[in-house]
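Trainee: Here's a structure for you.
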Amino acid sequence: MPVKNRFAELQDEITAWRRDFHEHPEILFETYRTSEIVADKLKEFGCDEIATEIGRTGVVGVIKGKSNTSGKVIGLRADMDALPIHEETGVPYASKTPGAMHACGHDGHTAMLLGAAKYLAETRNFDGTVVVIFQPAEEGGGGGKEMCDDGMMDRWGIDEVYGMHNWPGKPVGSFAIREGAFFAATDQFDIELEGKGGHAAKPQETVDTTVMASQLVLAMQTIAARNADPVDQIVVSVTSFETSSKAFNVIPQKVHLKGTVRTQSTAMRDLAEERIKALASGIATSFGGTAEVYYHRGYPVMVNHAEQTEFAREVARAVSGDCEEAPIVMGGEDFAFMLEERPGAYILVGNGDTAMVHHPEYNFNDETIPAGCSWYAEIVERRMPAA
C-alpha cells in the first residue's frame, strides 16, 4: 500500500495516542480530557492557531502551508466522543470508565487526524491553509451542528470539508465512498398512550393500553411496507415499550413507546412523521384511549457533493489502489451539518474483520492508521499543491 513513509514511522506513536483515548472514553460533550490532549498536541506540533470550546468542547487547529497563493482553506474533521456501552474487548487498554467505551472508533479517528496534523505541520508542503476539526458529541448530541452554529466555517474561511469513518468488514486500509445521499436522516419519536387501567381479571372494565400499543407497533411497520415507495429507503423501529405498571395482575393505565425513523429524503421524513401521528391517533381512538406523539427531527441526510466525492475517491485510489462504491447507510452522521454549510465528502476506511461498531467487543484496528493518515494528508497536498 503506497501510504506515506512518515506515517509508517509514526504508527507506534499514533497507536499509543489512540489507545490512551480508548482507555479514557468520554461521552457527548464531556470530552474534556480528550480535548485538552488534542489542543496540547496541536500546540506541540506547532500549529499556527489553536481554538478550544468551539461547539462547547470542540478543538480547531490551523496549519498554514509554505505559501498561500491559492487562498484555499480545507477543513479535515474527526469526532472524539465515546458511547455509553460497557466494554467487553478484554484488551489491556480497555476502558477504565464503567459504562463508557469507544465502540465506534472515534478514538482512532482522532488519533489519525492528529497524526495527519503532525505531518502537515512538519512538512507544510501545500499552498493554502488546513483547518483540523476535532468534534465532540457525534453520537446523538449534534456536536457538528454546534461547531457550525459557533461560526466555525466563516471564522476560518473554510472552503471545503472532508471526514472519514472506519468500517468493519472492509479490508484494512481499503476505502469506499458514494456521491449524493449517503448516511440517513435520524429522527426520534415518543408516544404516550393512555387508556383505563384495571384488574387483569376484568379486561372488559378497562381500555387496555398494552393491546393498543401492540397494535400500533405492528401498524407502524406498514409505513415502510405499504406507504413508502419500495425504491425509497426508510426504517421505522420501536426500540422501547414501557408500561406504567410492572405487576402481573394489572392492566396499565399508560404505555410509553420510543423509537427512531431513518430516511434518505425529506419526502420520506415528512411521510413518516405524518403516518406515525395518524396511526397513533387512529388506533388509540378506536380502542377508546388517547395518544400524544412527540416527533423530534435529528440529524439530516448526509449528502456528499459530486466534485469533492470524485476527488476524495481519487485520493483514496492513490493511497490504497482502489476505492469501492459504498452502500447507502441507514445510520446517522452529524457531519451532515458541515456538508450543509460547505461542499465536501465523507469516506469509509476499512477496519478489517472486527466486531461491528456500537458492539461491546468492537475495537478500532490500529493497522488502519497509516492509510487513514495518508488519506487526510493527500487530500491537502493534492487539493492545494505546493506552488
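Just so we're on the same page: first chain in the C-alpha cells is A, next is B, and so on; residues restart at 1 for each chain, and ligands are numbered from 1 in the order they show up.
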Which residues of region 141-186 of chain A have any atom within 9 Å of an atom in region 369-384 of chain A when counting only C-alpha atoms, and what is the closest pair of atoms for each, with the distance in Å to one decimal? Order the rows by chain and rising number and write it as CSV.
Mentor:
residue,atom,partner,partner_atom,distance
A:Tyr162,CA,A:Tyr376,CA,8.3
A:Gly163,CA,A:Tyr376,CA,8.5
A:Met164,CA,A:Gly372,CA,8.0
A:Asn166,CA,A:Gly372,CA,8.7
A:Val172,CA,A:Ala371,CA,8.5
A:Gly173,CA,A:Ala371,CA,5.2
A:Ser174,CA,A:Ala371,CA,7.9
Trainee: Those residues you just picked out, can you put them in a file as a tab-separated table (two decimals), in the first residue's frame with C-alpha atoms?
Mentor:
chain	number	residue	atom	x	y	z
A	162	TYR	CA	-13.72	16.26	4.50
A	163	GLY	CA	-14.37	13.49	7.01
A	164	MET	CA	-13.71	9.78	7.48
A	166	ASN	CA	-13.70	3.34	9.90
A	172	VAL	CA	-7.80	-2.84	6.43
A	173	GLY	CA	-6.84	0.37	4.68
A	174	SER	CA	-9.26	-0.02	1.76
Trainee: May I have a table of the residues of region 107-203 of chain A lying at most 10 Å from region 261-271 of chain A, giving each one's closest pair of atoms and their distance in Å to one decimal, counting only C-alpha atoms, ordered by chain and ascending residue number, as CSV?
Mentor:
residue,atom,partner,partner_atom,distance
A:Ala181,CA,A:Gln264,CA,6.5
A:Phe182,CA,A:Gln264,CA,7.8
A:Phe183,CA,A:Gln264,CA,7.5
A:Ala184,CA,A:Gln264,CA,5.1
A:Ala185,CA,A:Thr263,CA,5.3
A:Thr186,CA,A:Arg262,CA,4.8
A:Asp187,CA,A:Val261,CA,5.1
A:Gln188,CA,A:Val261,CA,6.2
A:Phe189,CA,A:Val261,CA,7.8
Trainee: Only C-alpha atoms, please: the residues just picked out, written as a PDB file, in the first residue's frame.
Mentor:
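Everything below was put into again23.pdb:
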ATOM      1  CA  ALA A 181     -27.274  10.875  -0.126  1.00  0.00           C
ATOM      2  CA  PHE A 182     -25.085   8.570   1.944  1.00  0.00           C
ATOM      3  CA  PHE A 183     -25.939   8.393   5.665  1.00  0.00           C
ATOM      4  CA  ALA A 184     -29.584   8.657   6.721  1.00  0.00           C
ATOM      5  CA  ALA A 185     -31.571  11.333   8.483  1.00  0.00           C
ATOM      6  CA  THR A 186     -32.238  10.142  12.034  1.00  0.00           C
ATOM      7  CA  ASP A 187     -35.410  11.197  13.846  1.00  0.00           C
ATOM      8  CA  GLN A 188     -36.889  10.100  17.169  1.00  0.00           C
ATOM      9  CA  PHE A 189     -40.413   9.640  18.429  1.00  0.00           C
TER      10      PHE A 189
END
Trainee: Let's see if you can do this: from backbone DSSP, list all strand (DSSP E) residues in region 100-323 of chain A, as JSON, numbers by chain.
Mentor: {"A": [129, 130, 131, 132, 133, 134, 135, 160, 161, 162, 163, 164, 165, 166, 167, 175, 176, 177, 180, 181, 182, 183, 185, 186, 187, 188, 189, 190, 191, 192, 193, 194, 198, 199, 234, 235, 236, 237, 238, 239, 240, 241, 242, 243, 250, 251, 254, 255, 256, 257, 258, 259, 260, 261, 262, 263, 290, 291, 292, 293, 294, 295, 296, 297, 298, 299, 302, 303, 304]}
Trainee: Mind the document's chain letters and residue numbers, and return as JSON, numbers by chain the residues of region 231-302 of chain A that DSSP labels alpha helix (DSSP H).
Mentor: {"A": [266, 267, 268, 269, 270, 271, 272, 273, 274, 275, 276, 277, 278, 279, 280, 281, 282, 283, 284, 285, 286, 287]}
Trainee: Write out as an MDAnalysis selection string which residues come within 7 Å of region 11-19 of chain A when counting only C-alpha atoms, dropping same-chain ones fewer than 4 positions away.
Mentor: chainID A and resid 7 23 93 107:108 111 115 366 369:370
Trainee: I need the residues from that last selection saved to file as a PDB file, in the first residue's frame (with N, CA and C atoms), if you can.
Mentor:
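Once written, out_11.pdb looks like this:
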ATOM      1  N   PHE A   7       4.098   8.143   7.980  1.00  0.00           N
ATOM      2  CA  PHE A   7       3.062   7.568   8.855  1.00  0.00           C
ATOM      3  C   PHE A   7       3.409   6.157   9.296  1.00  0.00           C
ATOM      4  N   GLU A  23      -8.671   4.124  26.449  1.00  0.00           N
ATOM      5  CA  GLU A  23      -8.671   3.797  27.879  1.00  0.00           C
ATOM      6  C   GLU A  23      -9.461   4.817  28.694  1.00  0.00           C
ATOM      7  N   TYR A  93      -5.739  -2.238  27.207  1.00  0.00           N
ATOM      8  CA  TYR A  93      -6.040  -0.805  27.297  1.00  0.00           C
ATOM      9  C   TYR A  93      -7.552  -0.552  27.285  1.00  0.00           C
ATOM     10  N   ASP A 107     -11.902   7.152  18.792  1.00  0.00           N
ATOM     11  CA  ASP A 107     -10.524   7.240  19.287  1.00  0.00           C
ATOM     12  C   ASP A 107      -9.535   7.131  18.135  1.00  0.00           C
ATOM     13  N   GLY A 108      -9.838   6.225  17.193  1.00  0.00           N
ATOM     14  CA  GLY A 108      -8.988   6.067  16.014  1.00  0.00           C
ATOM     15  C   GLY A 108      -9.062   7.254  15.077  1.00  0.00           C
ATOM     16  N   ALA A 111      -7.019  10.056  16.615  1.00  0.00           N
ATOM     17  CA  ALA A 111      -5.587   9.788  16.535  1.00  0.00           C
ATOM     18  C   ALA A 111      -5.071   9.946  15.099  1.00  0.00           C
ATOM     19  N   GLY A 115      -2.306  12.532  13.758  1.00  0.00           N
ATOM     20  CA  GLY A 115      -1.129  12.104  13.006  1.00  0.00           C
ATOM     21  C   GLY A 115      -0.954  12.913  11.735  1.00  0.00           C
ATOM     22  N   ASP A 366      -5.649  -0.722  14.750  1.00  0.00           N
ATOM     23  CA  ASP A 366      -4.530   0.216  14.622  1.00  0.00           C
ATOM     24  C   ASP A 366      -3.763   0.070  13.309  1.00  0.00           C
ATOM     25  N   ILE A 369      -4.256   2.880  10.689  1.00  0.00           N
ATOM     26  CA  ILE A 369      -3.722   4.232  10.907  1.00  0.00           C
ATOM     27  C   ILE A 369      -2.934   4.789   9.721  1.00  0.00           C
ATOM     28  N   PRO A 370      -1.971   4.077   9.149  1.00  0.00           N
ATOM     29  CA  PRO A 370      -1.197   4.686   8.045  1.00  0.00           C
ATOM     30  C   PRO A 370      -2.058   5.099   6.856  1.00  0.00           C
TER      31      PRO A 370
END
